[in-house]
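**Student:** Sharing work_21.csv, CSV, C-alpha atoms and all ligand atoms:
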chain,number,residue,atom,x,y,z
A,10,MET,CA,44.4,-14.5,42.1
A,11,PHE,CA,46.9,-16.8,43.8
A,12,GLY,CA,45.3,-20.2,44.2
A,13,PHE,CA,46.8,-23.0,46.2
A,14,GLY,CA,44.6,-26.1,45.7
A,15,LYS,CA,41.2,-28.0,45.4
A,16,ALA,CA,37.8,-26.6,44.2
A,17,LYS,CA,35.0,-26.3,46.8
A,18,ALA,CA,33.2,-23.6,48.7
A,19,LEU,CA,35.5,-21.2,50.6
A,20,VAL,CA,34.9,-18.7,53.4
A,21,GLY,CA,35.5,-15.1,52.3
A,22,LEU,CA,37.7,-13.5,54.9
A,23,ASP,CA,38.2,-9.7,54.6
A,24,ILE,CA,41.0,-8.6,56.9
A,25,GLY,CA,40.5,-4.9,57.4
A,26,SER,CA,42.3,-2.4,59.6
A,27,SER,CA,39.2,-1.8,61.7
A,28,ALA,CA,37.5,-5.2,61.5
A,29,VAL,CA,37.7,-8.7,60.1
A,30,LYS,CA,34.6,-9.9,58.2
A,31,ALA,CA,33.8,-13.5,57.2
A,32,VAL,CA,31.1,-14.8,54.9
A,33,GLU,CA,30.2,-18.4,53.8
A,34,LEU,CA,27.8,-18.8,51.0
A,35,LYS,CA,25.6,-21.8,50.0
A,36,ALA,CA,23.9,-22.4,46.6
A,37,ALA,CA,20.2,-21.4,46.8
A,38,GLY,CA,18.0,-21.7,43.7
A,39,LYS,CA,19.9,-19.9,40.9
A,40,GLY,CA,22.0,-17.9,43.3
A,41,PHE,CA,23.4,-17.9,46.7
A,42,LYS,CA,22.5,-17.5,50.3
A,43,VAL,CA,24.6,-16.5,53.3
A,44,ALA,CA,25.1,-19.7,55.4
A,45,ALA,CA,27.4,-18.1,58.0
A,46,PHE,CA,28.5,-14.6,58.8
A,47,GLY,CA,30.8,-13.0,61.3
A,48,THR,CA,32.5,-9.7,62.1
A,49,GLU,CA,35.1,-8.8,64.8
A,50,SER,CA,36.8,-5.6,65.5
A,51,VAL,CA,40.6,-5.3,65.1
A,52,PRO,CA,42.5,-3.2,67.7
A,53,PRO,CA,43.6,0.2,66.3
A,54,ASP,CA,47.1,0.3,64.6
A,55,SER,CA,47.3,-3.5,64.3
A,56,ILE,CA,47.2,-3.0,60.5
A,57,VAL,CA,48.7,0.2,59.1
A,58,ASP,CA,48.7,1.0,55.4
A,59,GLY,CA,47.7,-2.6,54.7
A,60,ALA,CA,50.7,-3.9,56.6
A,61,ILE,CA,50.1,-6.3,59.5
A,62,ILE,CA,52.0,-4.6,62.4
A,63,ASP,CA,50.6,-6.7,65.3
A,64,GLY,CA,50.1,-10.2,64.0
A,65,ALA,CA,49.0,-11.6,67.3
A,66,ALA,CA,46.2,-9.1,67.6
A,67,VAL,CA,45.0,-9.8,64.1
A,68,THR,CA,45.2,-13.6,64.7
A,69,GLU,CA,43.2,-13.2,67.8
A,70,ALA,CA,40.5,-11.2,66.0
A,71,ILE,CA,40.2,-13.9,63.3
A,72,ARG,CA,40.1,-16.7,65.9
A,73,LYS,CA,37.3,-14.9,67.8
A,74,LEU,CA,35.4,-14.2,64.5
A,75,PHE,CA,35.1,-18.0,63.9
A,76,THR,CA,34.2,-19.0,67.4
A,77,ASN,CA,30.7,-20.3,67.9
A,78,LYS,CA,29.7,-19.6,64.3
A,79,ALA,CA,28.2,-21.9,61.7
A,80,PHE,CA,31.2,-21.9,59.3
A,81,GLN,CA,31.5,-25.4,57.6
A,82,THR,CA,34.9,-25.1,56.1
A,83,LYS,CA,38.3,-24.0,57.3
A,84,ASP,CA,39.3,-23.1,53.8
A,85,VAL,CA,39.6,-19.3,53.4
A,86,ALA,CA,39.8,-16.8,50.5
A,87,ALA,CA,41.4,-13.6,51.7
A,88,SER,CA,42.6,-10.4,49.9
A,89,LEU,CA,45.2,-7.8,49.7
A,90,SER,CA,45.1,-4.1,48.7
A,91,GLY,CA,47.2,-1.0,48.7
A,92,ASN,CA,50.8,-0.6,47.6
A,93,ALA,CA,51.6,-4.3,48.0
A,94,VAL,CA,49.5,-5.1,45.0
A,95,ILE,CA,50.1,-4.0,41.4
A,96,VAL,CA,47.3,-4.3,38.8
A,97,LYS,CA,48.2,-3.3,35.3
A,98,LYS,CA,46.7,-3.8,31.9
A,99,ILE,CA,49.5,-4.6,29.5
A,100,ASN,CA,49.7,-4.9,25.7
A,101,LEU,CA,51.6,-7.8,24.2
A,102,PRO,CA,52.1,-9.3,20.7
A,103,VAL,CA,49.5,-12.0,20.1
A,104,MET,CA,50.7,-15.4,21.4
A,105,THR,CA,49.3,-18.6,22.7
A,106,GLU,CA,48.5,-19.2,26.3
A,107,ALA,CA,51.4,-21.5,26.6
A,108,GLU,CA,53.8,-18.9,25.2
A,109,LEU,CA,52.3,-16.3,27.5
A,110,GLY,CA,52.8,-18.6,30.5
A,111,GLU,CA,56.4,-18.9,29.6
A,112,SER,CA,57.2,-15.3,28.9
A,113,ILE,CA,55.0,-13.5,31.4
A,114,TYR,CA,57.7,-13.2,34.1
A,115,TRP,CA,60.1,-11.7,31.6
A,116,GLU,CA,57.4,-9.4,30.2
A,117,ALA,CA,56.2,-8.3,33.6
A,118,GLU,CA,59.6,-7.3,34.8
A,119,GLN,CA,59.5,-3.8,33.2
A,120,TYR,CA,56.0,-3.0,34.7
A,121,ILE,CA,56.8,-4.0,38.3
A,122,PRO,CA,58.8,-1.7,40.6
A,123,PHE,CA,59.9,-4.6,42.8
A,124,ASP,CA,62.4,-7.4,42.1
A,125,ILE,CA,60.5,-10.0,40.2
A,126,GLN,CA,61.8,-12.7,42.6
A,127,ASP,CA,59.9,-10.9,45.4
A,128,VAL,CA,56.5,-11.1,43.9
A,129,ASN,CA,53.7,-13.6,43.2
A,130,LEU,CA,52.5,-13.1,39.7
A,131,ASP,CA,49.1,-13.8,38.0
A,132,TYR,CA,47.5,-12.7,34.8
A,133,GLN,CA,44.4,-12.9,32.8
A,134,ILE,CA,43.9,-12.5,29.0
A,135,LEU,CA,41.4,-9.7,28.6
A,136,ASP,CA,41.5,-9.6,24.8
A,137,PRO,CA,43.3,-12.4,22.9
A,138,GLY,CA,43.9,-10.0,20.0
A,139,THR,CA,42.2,-12.3,17.4
A,140,GLY,CA,39.3,-9.9,16.6
A,141,PRO,CA,39.2,-7.8,13.4
A,142,ASP,CA,40.6,-4.5,14.9
A,143,SER,CA,43.1,-5.9,17.3
A,144,LYS,CA,46.3,-5.1,15.1
A,145,GLY,CA,48.2,-8.1,16.3
A,146,ALA,CA,48.2,-7.1,20.0
A,147,MET,CA,46.6,-8.8,23.0
A,148,ASP,CA,45.5,-7.2,26.3
A,149,VAL,CA,46.6,-9.0,29.5
A,150,LEU,CA,45.7,-8.0,33.0
A,151,LEU,CA,48.8,-8.4,35.1
A,152,VAL,CA,48.6,-8.8,38.9
A,153,ALA,CA,51.6,-8.8,41.2
A,154,ALA,CA,51.7,-9.0,44.9
A,155,LYS,CA,54.7,-8.9,47.2
A,156,LYS,CA,55.5,-12.4,48.5
A,157,GLU,CA,56.2,-10.9,51.9
A,158,LYS,CA,52.7,-9.4,52.1
A,159,VAL,CA,51.1,-12.6,51.0
A,160,ALA,CA,53.0,-14.5,53.7
A,161,ASP,CA,52.0,-12.0,56.4
A,162,TYR,CA,48.3,-12.4,55.5
A,163,THR,CA,48.4,-16.2,55.1
A,164,GLY,CA,50.4,-16.3,58.3
A,165,VAL,CA,47.8,-14.8,60.5
A,166,ILE,CA,45.1,-17.0,58.9
A,167,THR,CA,47.1,-20.2,59.6
A,168,GLN,CA,47.9,-19.0,63.1
A,169,ALA,CA,44.2,-18.6,63.7
A,170,GLY,CA,43.6,-22.3,62.7
A,171,ARG,CA,42.3,-21.6,59.1
A,172,THR,CA,43.6,-22.7,55.7
A,173,PRO,CA,44.4,-19.9,53.2
A,174,VAL,CA,43.4,-21.3,49.8
A,175,VAL,CA,43.1,-18.1,47.7
A,176,VAL,CA,44.6,-14.7,48.0
A,177,ASP,CA,42.7,-12.2,45.9
A,178,VAL,CA,42.7,-8.4,45.5
A,179,ASP,CA,40.1,-6.2,47.3
A,180,ALA,CA,39.1,-4.3,44.1
A,181,PHE,CA,38.4,-7.6,42.3
A,182,ALA,CA,36.4,-9.0,45.2
A,183,LEU,CA,34.3,-5.8,45.0
A,184,GLN,CA,33.7,-6.5,41.3
A,185,ASN,CA,32.7,-10.1,42.0
A,186,ALA,CA,30.2,-9.0,44.7
A,187,TYR,CA,28.8,-6.4,42.3
A,188,GLU,CA,28.4,-8.9,39.4
A,189,ALA,CA,26.6,-11.3,41.7
A,190,ASN,CA,24.2,-8.7,43.0
A,191,TYR,CA,23.6,-6.3,40.2
A,192,GLY,CA,24.6,-8.2,37.0
A,193,LEU,CA,26.7,-6.6,34.3
A,194,GLU,CA,25.4,-4.6,31.4
A,195,PRO,CA,27.5,-4.4,28.2
A,196,GLU,CA,29.1,-1.0,27.7
A,197,MET,CA,27.8,0.4,31.0
A,198,VAL,CA,30.4,2.3,33.0
A,199,VAL,CA,30.1,1.8,36.8
A,200,VAL,CA,32.5,3.2,39.4
A,201,LEU,CA,32.7,0.9,42.4
A,202,LEU,CA,34.0,2.4,45.7
A,203,ASN,CA,34.7,0.5,48.9
A,204,ALA,CA,35.4,3.0,51.7
A,205,GLY,CA,37.1,1.2,54.6
A,206,ALA,CA,38.6,2.8,57.7
A,207,SER,CA,42.0,3.6,56.2
A,208,ALA,CA,41.6,3.2,52.5
A,209,ILE,CA,39.2,3.4,49.6
A,210,ASN,CA,39.3,0.7,46.8
A,211,ILE,CA,38.2,2.0,43.4
A,212,ASN,CA,37.4,-0.2,40.5
A,213,ILE,CA,35.9,1.3,37.3
A,214,LEU,CA,34.0,-1.2,35.1
A,215,THR,CA,33.1,-0.9,31.5
A,216,GLY,CA,30.7,-3.8,30.8
A,217,ASP,CA,32.3,-6.8,32.3
A,218,GLN,CA,35.9,-5.5,32.2
A,219,SER,CA,37.7,-3.6,34.8
A,220,THR,CA,39.3,-0.6,33.1
A,221,PHE,CA,40.9,1.1,36.2
A,222,THR,CA,41.7,0.0,39.7
A,223,ARG,CA,43.4,2.1,42.4
A,224,ASP,CA,43.6,2.1,46.2
A,225,VAL,CA,43.6,5.5,47.9
A,226,SER,CA,45.0,5.8,51.4
A,227,ILE,CA,42.2,7.7,53.0
A,228,GLY,CA,39.0,6.3,54.5
A,229,GLY,CA,36.4,6.5,57.3
A,230,ASN,CA,39.0,7.3,59.9
A,231,ALA,CA,39.5,10.7,58.2
A,232,TYR,CA,35.8,11.4,58.7
A,233,THR,CA,36.0,10.4,62.4
A,234,GLU,CA,39.0,12.6,62.8
A,235,ALA,CA,37.2,15.5,61.1
A,236,VAL,CA,34.2,15.1,63.5
A,237,GLN,CA,36.7,14.8,66.4
A,238,LYS,CA,38.4,18.1,65.5
A,239,GLU,CA,35.3,20.0,64.6
A,240,LEU,CA,33.5,19.2,67.8
A,241,ASN,CA,36.5,18.7,70.0
A,242,LEU,CA,35.7,15.1,71.0
A,243,PRO,CA,37.6,11.9,71.8
A,244,PHE,CA,38.0,9.4,68.8
A,245,ASP,CA,35.5,6.9,70.2
A,246,SER,CA,32.7,9.5,70.7
A,247,ALA,CA,33.4,10.9,67.2
A,248,GLU,CA,33.2,7.4,65.8
A,249,GLN,CA,29.9,6.7,67.5
A,250,LEU,CA,28.5,10.0,66.3
A,251,LYS,CA,29.5,9.3,62.8
A,252,ARG,CA,27.7,6.0,62.9
A,253,GLY,CA,24.5,7.8,63.9
A,254,GLN,CA,24.5,7.3,67.7
A,255,SER,CA,24.3,10.4,69.9
A,256,VAL,CA,26.9,11.0,72.6
A,257,GLU,CA,26.9,13.4,75.6
A,258,GLY,CA,25.0,16.5,74.3
A,259,VAL,CA,25.8,16.0,70.6
A,260,THR,CA,23.3,14.5,68.1
A,261,PHE,CA,23.9,12.9,64.7
A,262,GLU,CA,22.3,16.0,63.1
A,263,ASP,CA,25.2,18.1,64.5
A,264,VAL,CA,27.8,16.1,62.6
A,265,GLN,CA,25.9,15.9,59.3
A,266,PRO,CA,27.6,19.1,57.8
A,267,VAL,CA,31.0,17.4,58.5
A,268,LEU,CA,30.1,14.1,56.8
A,269,ARG,CA,28.1,14.5,53.6
A,270,PHE,CA,29.9,11.6,51.9
A,271,MET,CA,27.3,10.4,49.4
A,272,HIS,CA,26.0,13.9,48.8
A,273,ALA,CA,29.4,15.2,48.0
A,274,LEU,CA,30.1,12.5,45.4
A,275,GLN,CA,26.7,13.1,43.9
A,276,GLU,CA,27.2,16.8,43.6
A,277,HIS,CA,30.8,16.6,42.5
A,278,PHE,CA,30.3,14.1,39.7
A,279,GLY,CA,26.7,15.1,38.8
A,280,THR,CA,25.7,11.5,38.6
A,281,ALA,CA,23.6,9.0,40.6
A,282,VAL,CA,25.3,7.5,43.6
A,283,GLU,CA,23.9,4.4,45.3
A,284,MET,CA,24.8,2.5,48.4
A,285,PHE,CA,26.3,-0.9,47.4
A,286,ASP,CA,24.0,-3.6,48.8
A,287,PRO,CA,26.0,-7.0,48.9
A,288,PHE,CA,22.7,-8.7,49.8
A,289,LYS,CA,20.6,-7.3,46.9
A,290,LYS,CA,20.5,-10.7,45.2
A,291,VAL,CA,22.6,-12.9,47.6
A,292,ALA,CA,20.0,-14.0,50.2
A,293,PHE,CA,20.7,-12.9,53.7
A,294,ASP,CA,18.6,-13.7,56.7
A,295,PRO,CA,20.1,-11.7,59.6
A,296,GLN,CA,17.7,-13.0,62.2
A,297,ARG,CA,18.5,-16.6,61.5
A,298,LEU,CA,22.2,-15.8,61.7
A,299,GLY,CA,21.7,-14.0,65.0
A,300,ILE,CA,22.7,-10.6,63.6
A,301,THR,CA,20.9,-7.6,65.2
A,302,ASP,CA,22.6,-4.7,63.4
A,303,ALA,CA,22.2,-5.9,59.8
A,304,GLU,CA,22.0,-2.4,58.4
A,305,SER,CA,25.3,-1.4,59.7
A,306,VAL,CA,27.2,-4.6,59.0
A,307,SER,CA,25.9,-5.1,55.4
A,308,PRO,CA,28.0,-2.3,53.7
A,309,ALA,CA,31.2,-3.6,55.3
A,310,ALA,CA,30.5,-7.1,54.1
A,311,VAL,CA,31.0,-6.4,50.4
A,312,VAL,CA,34.6,-7.6,50.0
A,313,ALA,CA,33.9,-10.7,52.1
A,314,VAL,CA,30.9,-11.6,49.9
A,315,GLY,CA,33.0,-11.2,46.8
A,316,LEU,CA,35.7,-13.4,48.3
A,317,ALA,CA,33.2,-16.1,49.3
A,318,LEU,CA,32.2,-16.4,45.6
A,319,ARG,CA,35.7,-17.5,44.8
A,320,ARG,CA,36.7,-21.1,44.3
A,321,ALA,CA,40.2,-22.5,44.6
A,322,GLY,CA,42.0,-22.3,41.3
A,323,ASP,CA,39.7,-19.6,39.9
A,324,ARG,CA,41.0,-16.9,37.6
B,401,LIG,N1,27.0,3.7,59.9
B,401,LIG,C1,28.2,4.2,59.5
B,401,LIG,N2,28.3,5.5,59.0
B,401,LIG,C2,29.5,5.9,58.6
B,401,LIG,N3,30.6,5.2,58.6
B,401,LIG,C3,30.6,4.0,59.1
B,401,LIG,C4,29.3,3.4,59.6
B,401,LIG,N4,29.6,2.1,60.0
B,401,LIG,C5,30.9,1.9,59.8
B,401,LIG,N5,31.5,3.0,59.3
B,401,LIG,C6,32.9,3.3,59.0
B,401,LIG,O1,33.4,2.3,58.0
B,401,LIG,C7,34.8,2.0,58.3
B,401,LIG,C8,34.9,0.5,58.5
B,401,LIG,O2,34.6,-0.1,57.3
B,401,LIG,P1,35.3,-1.5,56.9
B,401,LIG,O3,35.0,-2.5,57.9
B,401,LIG,O4,34.9,-1.7,55.5
B,401,LIG,O5,36.8,-1.0,57.0
B,401,LIG,P2,38.1,-2.0,57.0
B,401,LIG,O6,37.9,-3.0,56.0
B,401,LIG,O7,38.3,-2.4,58.4
B,401,LIG,O8,39.2,-0.9,56.7
B,401,LIG,P3,40.3,-0.9,55.5
B,401,LIG,O9,39.9,-1.7,54.4
B,401,LIG,O10,40.5,0.5,55.2
B,401,LIG,O11,41.6,-1.4,56.2
B,401,LIG,C9,35.2,2.7,59.6
B,401,LIG,O12,35.8,3.9,59.3
B,401,LIG,C10,33.8,3.0,60.2
B,401,LIG,O13,33.8,4.2,61.0
B,402,MG,MG,38.5,-3.1,54.0
Go ahead and render the structure in this file as structure tokens.
Ligand SMILES: Nc1ncnc2c1ncn2[C@@H]1O[C@H](COP(=O)(O)OP(=O)(O)OP(=O)(O)O)[C@@H](O)[C@H]1O
Ligand SMILES: [Mg+2]

**Tutor:**
Amino acid sequence: MFGFGKAKALVGLDIGSSAVKAVELKAAGKGFKVAAFGTESVPPDSIVDGAIIDGAAVTEAIRKLFTNKAFQTKDVAASLSGNAVIVKKINLPVMTEAELGESIYWEAEQYIPFDIQDVNLDYQILDPGTGPDSKGAMDVLLVAAKKEKVADYTGVITQAGRTPVVVDVDAFALQNAYEANYGLEPEMVVVLLNAGASAININILTGDQSTFTRDVSIGGNAYTEAVQKELNLPFDSAEQLKRGQSVEGVTFEDVQPVLRFMHALQEHFGTAVEMFDPFKKVAFDPQRLGITDAESVSPAAVVAVGLALRRAGDR
């Protein structure tokens, strides 16, 4: 959302609280293929509630992530989530783009609970209000991010020797990755969920429009903690079990009743739930990239893939 320059391919860098993930794409046929890929774990509590607490640790993880990999560019698209970002659909009287550009700060003030001086603002016209049933009003998607947060994220990227070019929002990167891999059908309602270690990004699409976004501060860590409590294990063993690896005397089957994530969603909503595959259409050759655990890294690569699709100056 917040672009700072020139238009060429970028590395999608997802800075998560449990791991940093990076993806570089190359055009291939009508679509894309993964040209470089990396993931590196982040020490616990370095990022808490989306805030970078230990900048040195995060910088080090990013530096390691890019070491000895095939990434061609230093230019990076990163993203923010959580309470540092506000996404709101607002209704305004019909005006030209130039008029909107002039009045947006003033209009936005009432929707943003922070001082307008402290945020970076971006917007997109969703409906210009020129259609037959628009009643003289236009729909604008307003995105605001705390300058302080943007600076923290761009800071660790710069410290790690990379150039931050775009700062996006997790929920929108999720949407980009979905569009590139699944396409969009008019009128179809799709709920996108990205469950990380400490948060879940939600984006509900109707056709090609996002109708609801929200970040919820609960994620995979809560599952690990449930396994830990239920079976009286240390965090690391519980984490291993959750990922399907057995530990001293406990098998993955033993933890199944505690987990049930996809099943629970399916039962609760009475609708089909599918695992998001960021490499459904985007070509990914793990062997060529030296990746041995493709099945476990793929689901975590969704945001990075969405970010890698961005170009500087995009809206
Ligand atoms: N095979 C698996 N089964 C279940 N959970 C898994 C598996 N592999 C990874 N996870 C969980 O996914 C989470 C990590 O996902 P991801 O890398 O998307 O998080 P993150 O981006 O670092 O976190 P956040 O965005 O919340 O800061 C961890 O909680 C991890 O335990
Ligand atoms: Mg994440």

**Student:** Leaving out Ala189 of chain A and any residue of its chain fewer than 3 positions from it, which residues lie within 10 Å of it when counting all atoms listed in the file, given as a ChimeraX atom specification?

**Tutor:** /A:40-41,184-186,192-193,287-291,314-315,318

**Student:** Could you take the residues named above and write them with C-alpha atoms, as an mmCIF file, in the coordinates of the input?

**Tutor:**
data_model
loop_
_atom_site.group_PDB
_atom_site.id
_atom_site.type_symbol
_atom_site.label_atom_id
_atom_site.label_comp_id
_atom_site.auth_asym_id
_atom_site.auth_seq_id
_atom_site.Cartn_x
_atom_site.Cartn_y
_atom_site.Cartn_z
ATOM 1 C CA GLY A 40 22.000 -17.900 43.300
ATOM 2 C CA PHE A 41 23.400 -17.900 46.700
ATOM 3 C CA GLN A 184 33.700 -6.500 41.300
ATOM 4 C CA ASN A 185 32.700 -10.100 42.000
ATOM 5 C CA ALA A 186 30.200 -9.000 44.700
ATOM 6 C CA GLY A 192 24.600 -8.200 37.000
ATOM 7 C CA LEU A 193 26.700 -6.600 34.300
ATOM 8 C CA PRO A 287 26.000 -7.000 48.900
ATOM 9 C CA PHE A 288 22.700 -8.700 49.800
ATOM 10 C CA LYS A 289 20.600 -7.300 46.900
ATOM 11 C CA LYS A 290 20.500 -10.700 45.200
ATOM 12 C CA VAL A 291 22.600 -12.900 47.600
ATOM 13 C CA VAL A 314 30.900 -11.600 49.900
ATOM 14 C CA GLY A 315 33.000 -11.200 46.800
ATOM 15 C CA LEU A 318 32.200 -16.400 45.600
#

**Student:** Let me make sure I understand: among A:Asn203, A:Ser226, A:Gln126, A:Gln218, which one has the smallest atom-to-atom distance to Val57 of chain A if we use only C-alpha atoms?

**Tutor:** A:Ser226

**Student:** List as CSV every residue of chain A that is in contact with ligand LIG 401 (chain B), defined as an atom at most 6 Å from one of its atoms (using only C-alpha atoms and all ligand atoms), together with the nearest atom pair and the distance in Å rounded to one decimal, sorted by chain and then rising number.

**Tutor:**
residue,atom,partner,partner_atom,distance
A:Gly25,CA,B:LIG401,O7,3.5
A:Ser26,CA,B:LIG401,O11,3.6
A:Ser27,CA,B:LIG401,O7,3.5
A:Ala28,CA,B:LIG401,O7,4.3
A:Gly205,CA,B:LIG401,O5,3.3
A:Ala206,CA,B:LIG401,O12,3.4
A:Ser207,CA,B:LIG401,O10,3.6
A:Ala208,CA,B:LIG401,O10,4.0
A:Gly229,CA,B:LIG401,O12,3.3
A:Asn230,CA,B:LIG401,O12,4.7
A:Glu248,CA,B:LIG401,O13,5.8
A:Lys251,CA,B:LIG401,C2,5.4
A:Arg252,CA,B:LIG401,N1,3.8
A:Ser305,CA,B:LIG401,N1,5.4
A:Ala309,CA,B:LIG401,O4,4.2

**Student:** Considering all atoms listed in the file, can you say which of A:Val259, A:Val51, A:Ala79, A:Ala153 comes closest to Asn92 of chain A?

**Tutor:**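 Residue with the minimum atom-to-atom distance to Asn92 of chain A: A:Ala153.
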
**Student:** Kindly provide, as number ranges by chain, the polymer residues lying within 12 Å of (38.2, -11.8, 25.1), counting all atoms listed in the file and using the coordinates exactly as they appear in the file.

**Tutor:** A: 133-140, 143, 147-150, 217-218

**Student:** Would you output that residue set with C-alpha atoms, as a PDB file, keeping the file's coordinate frame?

**Tutor:**
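So selection.pdb came out as:
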ATOM      1  CA  GLN A 133      44.400 -12.900  32.800  1.00  0.00           C
ATOM      2  CA  ILE A 134      43.900 -12.500  29.000  1.00  0.00           C
ATOM      3  CA  LEU A 135      41.400  -9.700  28.600  1.00  0.00           C
ATOM      4  CA  ASP A 136      41.500  -9.600  24.800  1.00  0.00           C
ATOM      5  CA  PRO A 137      43.300 -12.400  22.900  1.00  0.00           C
ATOM      6  CA  GLY A 138      43.900 -10.000  20.000  1.00  0.00           C
ATOM      7  CA  THR A 139      42.200 -12.300  17.400  1.00  0.00           C
ATOM      8  CA  GLY A 140      39.300  -9.900  16.600  1.00  0.00           C
ATOM      9  CA  SER A 143      43.100  -5.900  17.300  1.00  0.00           C
ATOM     10  CA  MET A 147      46.600  -8.800  23.000  1.00  0.00           C
ATOM     11  CA  ASP A 148      45.500  -7.200  26.300  1.00  0.00           C
ATOM     12  CA  VAL A 149      46.600  -9.000  29.500  1.00  0.00           C
ATOM     13  CA  LEU A 150      45.700  -8.000  33.000  1.00  0.00           C
ATOM     14  CA  ASP A 217      32.300  -6.800  32.300  1.00  0.00           C
ATOM     15  CA  GLN A 218      35.900  -5.500  32.200  1.00  0.00           C
TER      16      GLN A 218
END

**Student:** With distances taken over all atoms listed in the file, which of A:Pro141, A:Gly64, A:Pro173, A:Gly110 is nearest to Ala87 of chain A?

**Tutor:**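 Of all the options, A:Pro173 lies closest to Ala87 of chain A.
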
**Student:** Nearest residue to ligand MG 402 (chain B) out of A:Val225, A:Val165, A:Val29, A:Val20, using all atoms listed in the file?

**Tutor:**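 The answer is A:Val29, which sits nearest to ligand MG 402 (chain B).
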
**Student:** Between atom CA of Gly38 of chain A and atom CA of Phe293 of chain A, what is the distance in Å, rounded to a tenth?

**Tutor:**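 Here the two named atoms are 13.6 Å from each other.
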
**Student:** Which value, in Å to one decimal, gives the distance between atom CA of Lys158 of chain A and atom CA of Thr172 of chain A?

**Tutor:**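 Those two atoms sit 16.5 Å apart.
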
**Student:** Determine, counting all atoms listed in the file, which protein, DNA and RNA residues have an atom within 12 Å of an atom of Leu250 of chain A; residues of the same chain fewer than 4 positions away are not included. Present the result as a ChimeraX atom specification.

**Tutor:** /A:232-237,240,242-246,254-265,267-268

**Student:** Please report the interatomic distance between atom CA of Asp179 of chain A and atom CA of Val312 of chain A in Å with one decimal.

**Tutor:** 6.3 Å
